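Comments concern the structure below.
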Amino acid sequence: MANSKNTFDYIIIGAGASGCVIANRLSANSKNKVLLLEAGGDDTGNQDISDIGGFVRLWGTENDWQIKTTPQQGLSEREIVINQGKVLGGSTSINAMMYVRGNRKNFDMWNTLGADGWSYNDVLPYFKKIEKYGQADSEYHGTTGELNIMECPDEPMRSEEFLNAAKEAGYKGSSHDYNSEVQEDDPSLLQFHIDKNLNRESSATAFLHPVMDRSNLTVITGAHVSKVVIENGTATGVVYIKDGLETVVCASAEIVVSAGALASPKILLLSGIGLAEHLREHSITVNADLPGVGQNLQDHIQLPIIFRSTLTLPNTTLLTGNVLFVRTRKGSEVAPPDMQINFTPSMPAPLAPILPDFGGPICIFLAILVQPFSTGYVKLTSADPMANAEVNPNYLHQKADIKALTEAVQIVRKIAGTKAFEKLNAGELAPGSANVEEFIRSQSSTLWHPAGTCKIGQDAMAVVDSRLRVYGIKNLRVADASVMPTVTTGNTVATCFMIGERAAEMILQDNA
Ligand SMILES: Cc1cc2nc3c(=O)[nH]c(=O)nc-3n(C[C@H](O)[C@H](O)[C@H](O)COP(=O)(O)OP(=O)(O)OC[C@H]3O[C@@H](n4cnc5c(N)ncnc54)[C@H](O)[C@@H]3O)c2cc1C
């Protein structure tokens with residue numbers, strides 16, 4: 001039953017990249033009573049979270065949802081574990097901290113696909129607003145936001161050989177910032193969300209901890225949301241389970257689902273929002289027949305290409321630090337680049353305990369398919385909120401995706417074959433003499449960037465409108481990676497922060 005203790009103006013589900021920004025912005029006005037519900041625990045005092053090299057140790061722990069896919073036909077029937085953060089900060093507390101906004105064409109394409117007002121020029125001010133960029137202020141960077149961003153601080157990572165080799169192979173090779181005017185065809189040092197003390201900057205450290213003492217903000221951890229309560233087409237409350245007990249909390253203004261691209265569609269489905277036939281299969285009352293919920297799942301695939309190195313360099317603290325965005329699909333200049341190539345000149349320390357012994361120094365290229373054609377889905381397996389959903393990204397289902405990665409192997413071989421790279425290249429270890437397609441199918445894996453499962457749009461498969469409102473239900477929005485109509489060209493977190501910032505502004509405007 002509703003009482004003042006369990007009634008809030010706004011309830012946000014999920015304290016990840018987007019959720020923490022929204023909680024911060026909505027609670028900035030002391031008149032707004034805000035509740036943030038997070039299934040995972042506190043992030044403070046956990047050295048593996050704050051240490052920038054520690055996140056690999058968090059995989060498989062209580063801080064990780066460890067979501068397993070169905071066997072992936074395109075990946076030699078392997079089941080892939082998609083790690084996802086289950087802790088304050090969400091995946092920003094366990095991720096690799098690379099900060100890539102995506103290509104301007106990603107957002108212009110969203111706009112064309114029906115996400116009105118999400119073009120690059122529309123979203124740029126929100127990227128800048130959240131950002132405290134360590135280098136100079138510019139037309140493309142903000143320096144007064146909460147989120148510390150810096151160019152790769154890991155000295156052993158910087159690879160002049162890679163930067164010069166890419167230049168020799170025909171790319172620009174200026175001292176480049178890919179988060180500015182042009183993203184592609186110019187090798188750069190990656191940027192990271194890391195603070196000035198070289199600790200992880202997560203959505204929790206940047207947006208939540210500094211405002212935890214606001215009396216109008218309540219944060220409940222260990223609260224696993226099972227569904228949104230819908231009454232006569234209006235979202236009125238949320239049911240969550242904590243320590244085995246079920247609690248109902250009410251929202252007088254709005255509920256925002258920010259549980260990430262694999263969990264947000266699950267919560268909507270459990271709330272009776274989704275394809276009616278699928279809901280009925282699980283005896284769930286249909287509140288809105290929205291066939292797009294859980295569909296359009298897109299993820300980035302990574303493929304390691306490894307060379308034996310002639311140089312014994314110190315291990316790197318971070319996973320990677322040098323990057324080049326390229327186009328493997330010729331004649332597609334209106335589309336964003338489809339391939340991200342990361343380069344690490346030696347063994348990344350976080351991976352040393354889990355990679356095989358290569359019997360000497362190595363260097364690693366990572367080809368990342370950032371514009372996959374293959375799409376998949378998230379579906380319920382049961383009406384039990386604690387049951388795992390069926391997650392099928394359909395990795396490499398489309399032949400064009402295999403072709404793009406095959407082309408990426410050729411691009412890497414061209415870069416590695418330059419004079420500038422001679423010092424590092426003592427022979428290709430992988431794929432080496434292996435069949436390239438078999439290597440791709442047996443060695444590719446997720447880059448942990450699921451997106452697109454509650455997409456913005458105006459077509460029949462859209463789940464939210466351009467103001468992130470769920471079609472057919474009042475007072476309910478989705479704001480996280482799931483609203484992306486297409487996944488961006490580059491690691492997804494920056495865009496999730498931006499989505500949080502925009503969502504908060506829209507919510508405040510619409511409730512003014
Ligand atoms: C291992 C790893 C490495 C990555 N590396 C990078 C990188 O280097 N750069 C980059 O840009 N991106 C990276 N990413 C991806 C990036 O972190 C995500 O795209 C981003 O955090 C997604 O933001 P979000 O708000 O959609 O969801 P999340 O940040 O995942 O937040 C969702 C939150 O909702 C909570 N939640 C889920 N279900 C429920 C429920 N039922 N009830 C209550 N709470 C719930 C979760 O516990 C979580 O806290 C990485 C991700 C991982 C996992």
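Chains: A, B, ... in order of the structure tokens. Residues: from 1 per chain. Ligands: from 1, in order shown.
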
Open item on the list: 7 Å from ligand 1 is the threshold here; counting only C-alpha atoms and all ligand atoms, which polymer residues fall inside it? Answer as a PyMOL selection string.
Closed with: chain A and resi 13-19+37-40+82-92+94-100+223-226+258-261+263-264+267+447-450+480-482+491-494+496

Using N, CA and C atoms, can you write the selected residues to a file as a compact mmCIF listing (two decimals), in the first residue's frame?
# COMPACT_ATOMS: atom_id res chain seq x y z
N ILE A 13 15.47 2.73 -12.21
CA ILE A 13 15.84 1.32 -12.04
C ILE A 13 17.21 1.10 -12.68
N GLY A 14 18.24 0.86 -11.85
CA GLY A 14 19.58 0.59 -12.36
C GLY A 14 20.52 1.77 -12.20
N ALA A 15 21.61 1.54 -11.42
CA ALA A 15 22.58 2.61 -11.15
C ALA A 15 23.82 2.46 -12.02
N GLY A 16 23.61 2.39 -13.34
CA GLY A 16 24.74 2.25 -14.26
C GLY A 16 25.10 3.57 -14.90
N ALA A 17 25.64 3.50 -16.12
CA ALA A 17 26.11 4.71 -16.80
C ALA A 17 24.99 5.74 -16.88
N SER A 18 23.84 5.35 -17.40
CA SER A 18 22.76 6.32 -17.57
C SER A 18 22.05 6.61 -16.25
N GLY A 19 21.78 5.57 -15.47
CA GLY A 19 20.97 5.72 -14.25
C GLY A 19 21.56 6.69 -13.24
N LEU A 37 17.09 2.43 -7.56
CA LEU A 37 17.12 1.01 -7.15
C LEU A 37 18.22 0.28 -7.92
N GLU A 38 19.09 -0.42 -7.21
CA GLU A 38 20.19 -1.14 -7.86
C GLU A 38 20.25 -2.58 -7.32
N ALA A 39 20.27 -3.54 -8.25
CA ALA A 39 20.30 -4.95 -7.83
C ALA A 39 21.62 -5.33 -7.16
N GLY A 40 22.72 -4.72 -7.61
CA GLY A 40 24.03 -5.06 -7.05
C GLY A 40 24.31 -4.30 -5.76
N ILE A 82 28.52 -12.74 -21.51
CA ILE A 82 28.61 -11.28 -21.62
C ILE A 82 28.64 -10.74 -20.20
N ASN A 83 29.82 -10.33 -19.74
CA ASN A 83 29.92 -9.75 -18.40
C ASN A 83 29.16 -8.43 -18.38
N GLN A 84 28.48 -8.13 -17.29
CA GLN A 84 27.73 -6.87 -17.12
C GLN A 84 27.81 -6.49 -15.64
N GLY A 85 28.07 -5.24 -15.35
CA GLY A 85 28.25 -4.82 -13.96
C GLY A 85 26.99 -4.95 -13.12
N LYS A 86 27.15 -5.51 -11.92
CA LYS A 86 26.03 -5.64 -10.97
C LYS A 86 26.50 -5.01 -9.66
N VAL A 87 26.50 -3.71 -9.61
CA VAL A 87 27.10 -2.96 -8.51
C VAL A 87 26.79 -1.49 -8.79
N LEU A 88 26.90 -0.63 -7.78
CA LEU A 88 26.74 0.80 -8.07
C LEU A 88 27.75 1.20 -9.15
N GLY A 89 27.27 1.90 -10.14
CA GLY A 89 28.12 2.22 -11.30
C GLY A 89 27.84 1.29 -12.47
N GLY A 90 27.18 0.18 -12.20
CA GLY A 90 26.84 -0.77 -13.27
C GLY A 90 28.09 -1.21 -14.02
N SER A 91 27.98 -1.29 -15.32
CA SER A 91 29.13 -1.77 -16.11
C SER A 91 30.27 -0.76 -16.11
N THR A 92 30.01 0.50 -15.73
CA THR A 92 31.13 1.46 -15.66
C THR A 92 32.05 1.16 -14.49
N ILE A 94 33.02 -2.02 -13.94
CA ILE A 94 33.83 -3.20 -14.28
C ILE A 94 34.35 -3.13 -15.72
N ASN A 95 34.21 -1.97 -16.36
CA ASN A 95 34.58 -1.93 -17.79
C ASN A 95 36.04 -1.51 -17.97
N ALA A 96 36.45 -1.43 -19.24
CA ALA A 96 37.85 -1.14 -19.56
C ALA A 96 38.11 0.36 -19.73
N MET A 97 37.08 1.20 -19.45
CA MET A 97 37.21 2.64 -19.30
C MET A 97 37.54 3.43 -20.56
N MET A 98 37.52 2.79 -21.73
CA MET A 98 37.82 3.53 -22.96
C MET A 98 36.67 4.49 -23.26
N TYR A 99 37.01 5.68 -23.68
CA TYR A 99 36.00 6.72 -23.86
C TYR A 99 35.93 7.11 -25.33
N VAL A 100 34.92 6.63 -25.99
CA VAL A 100 34.75 6.86 -27.43
C VAL A 100 33.30 7.29 -27.67
N ALA A 223 18.58 -4.43 -4.49
CA ALA A 223 17.15 -4.39 -4.81
C ALA A 223 16.94 -4.85 -6.25
N HIS A 224 16.56 -6.09 -6.40
CA HIS A 224 16.35 -6.66 -7.74
C HIS A 224 14.93 -6.35 -8.19
N VAL A 225 14.82 -5.47 -9.19
CA VAL A 225 13.47 -5.09 -9.65
C VAL A 225 12.86 -6.22 -10.46
N SER A 226 11.63 -6.59 -10.10
CA SER A 226 10.98 -7.67 -10.85
C SER A 226 10.01 -7.13 -11.88
N SER A 258 16.62 1.92 -16.46
CA SER A 258 18.00 2.13 -16.91
C SER A 258 18.85 0.93 -16.50
N ALA A 259 18.34 -0.26 -16.80
CA ALA A 259 18.99 -1.49 -16.30
C ALA A 259 19.94 -2.10 -17.32
N GLY A 260 20.18 -1.41 -18.43
CA GLY A 260 21.10 -1.92 -19.45
C GLY A 260 20.36 -2.70 -20.52
N ALA A 261 21.05 -2.91 -21.65
CA ALA A 261 20.38 -3.45 -22.85
C ALA A 261 19.94 -4.90 -22.72
N ALA A 263 18.94 -6.20 -19.55
CA ALA A 263 17.96 -6.29 -18.44
C ALA A 263 16.74 -5.39 -18.64
N SER A 264 16.90 -4.24 -19.27
CA SER A 264 15.73 -3.35 -19.44
C SER A 264 14.60 -4.02 -20.22
N ILE A 267 12.78 -6.43 -17.98
CA ILE A 267 11.88 -5.79 -17.01
C ILE A 267 10.59 -5.35 -17.71
N LEU A 447 32.62 -7.72 -27.07
CA LEU A 447 33.34 -6.62 -26.43
C LEU A 447 32.44 -6.00 -25.34
N TRP A 448 31.41 -6.69 -24.97
CA TRP A 448 30.51 -6.30 -23.86
C TRP A 448 29.75 -4.99 -24.13
N HIS A 449 29.30 -4.81 -25.37
CA HIS A 449 28.61 -3.57 -25.71
C HIS A 449 27.18 -3.82 -26.22
N PRO A 450 26.36 -4.63 -25.53
CA PRO A 450 25.00 -4.86 -26.03
C PRO A 450 24.22 -3.55 -26.07
N ASP A 480 19.01 4.11 -21.46
CA ASP A 480 20.29 3.39 -21.33
C ASP A 480 20.70 2.89 -22.70
N ALA A 481 21.64 1.93 -22.74
CA ALA A 481 22.15 1.44 -24.04
C ALA A 481 21.04 0.83 -24.89
N SER A 482 19.96 0.43 -24.28
CA SER A 482 18.93 -0.26 -25.07
C SER A 482 18.18 0.68 -26.02
N ASN A 491 33.36 2.09 -28.49
CA ASN A 491 32.90 1.63 -27.18
C ASN A 491 31.71 2.48 -26.73
N THR A 492 30.76 1.86 -26.07
CA THR A 492 29.43 2.46 -25.95
C THR A 492 29.20 3.38 -24.74
N VAL A 493 30.14 3.39 -23.77
CA VAL A 493 29.78 4.03 -22.51
C VAL A 493 29.54 5.53 -22.63
N ALA A 494 30.34 6.21 -23.45
CA ALA A 494 30.18 7.67 -23.56
C ALA A 494 28.75 7.99 -24.00
N CYS A 496 26.13 6.20 -23.48
CA CYS A 496 25.17 5.93 -22.38
C CYS A 496 25.15 7.09 -21.37

Near segment 65-81 of chain A, 12 Å: segment 335-396 of chain A residue rows, closest pairs, only C-alpha atoms, as CSV:
residue,atom,partner,partner_atom,distance
A:Ser374,CA,A:Gly74,CA,9.8
A:Thr375,CA,A:Gly74,CA,11.9
A:Gly376,CA,A:Thr69,CA,10.4
A:Tyr377,CA,A:Thr69,CA,10.2
A:Val378,CA,A:Thr69,CA,9.5
A:Lys379,CA,A:Thr70,CA,11.3
A:Thr381,CA,A:Thr70,CA,11.9
A:Met386,CA,A:Trp65,CA,11.7
A:Ala387,CA,A:Ile67,CA,11.4
A:Asn388,CA,A:Ile67,CA,7.9
A:Ala389,CA,A:Ile67,CA,8.7
A:Glu390,CA,A:Thr70,CA,6.9
A:Val391,CA,A:Thr69,CA,4.9
A:Asn392,CA,A:Thr70,CA,5.5
A:Pro393,CA,A:Thr69,CA,7.3
A:Asn394,CA,A:Gln72,CA,6.2
A:Tyr395,CA,A:Gly74,CA,5.7
A:Leu396,CA,A:Gly74,CA,4.9

Open item on the list: Quick one: residues within 9 Å of segment 329-345 of chain A, only C-alpha atoms, excluding same-chain residues fewer than 2 positions away - as a ChimeraX atom specification?
Closed with: /A:102-106,109,156-159,161-162,183-184,190,309,313,315-316,319-327,347-348,362-372,400,403-405,407-408,412,424,488-490

TODO: Would you mind telling me which residue in A:Ser382, A:Ser444, A:Thr418, A:Asn425 lies nearest to Thr406 of chain A when using only C-alpha atoms?
DONE: A:Ser444

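Within segment 12-215 of chain A, the backbone-based DSSP assignment of strand (DSSP E) covers Ile12, Ile13, Val34, Leu35, Leu36, Leu37, Ile67, Lys68, Val81, Ile82, Glu131, Lys132, Tyr133, Leu147, Asn148, Ile149, Met150, Glu151, Ser188, Leu189, Gln191 and Phe192 of chain A.
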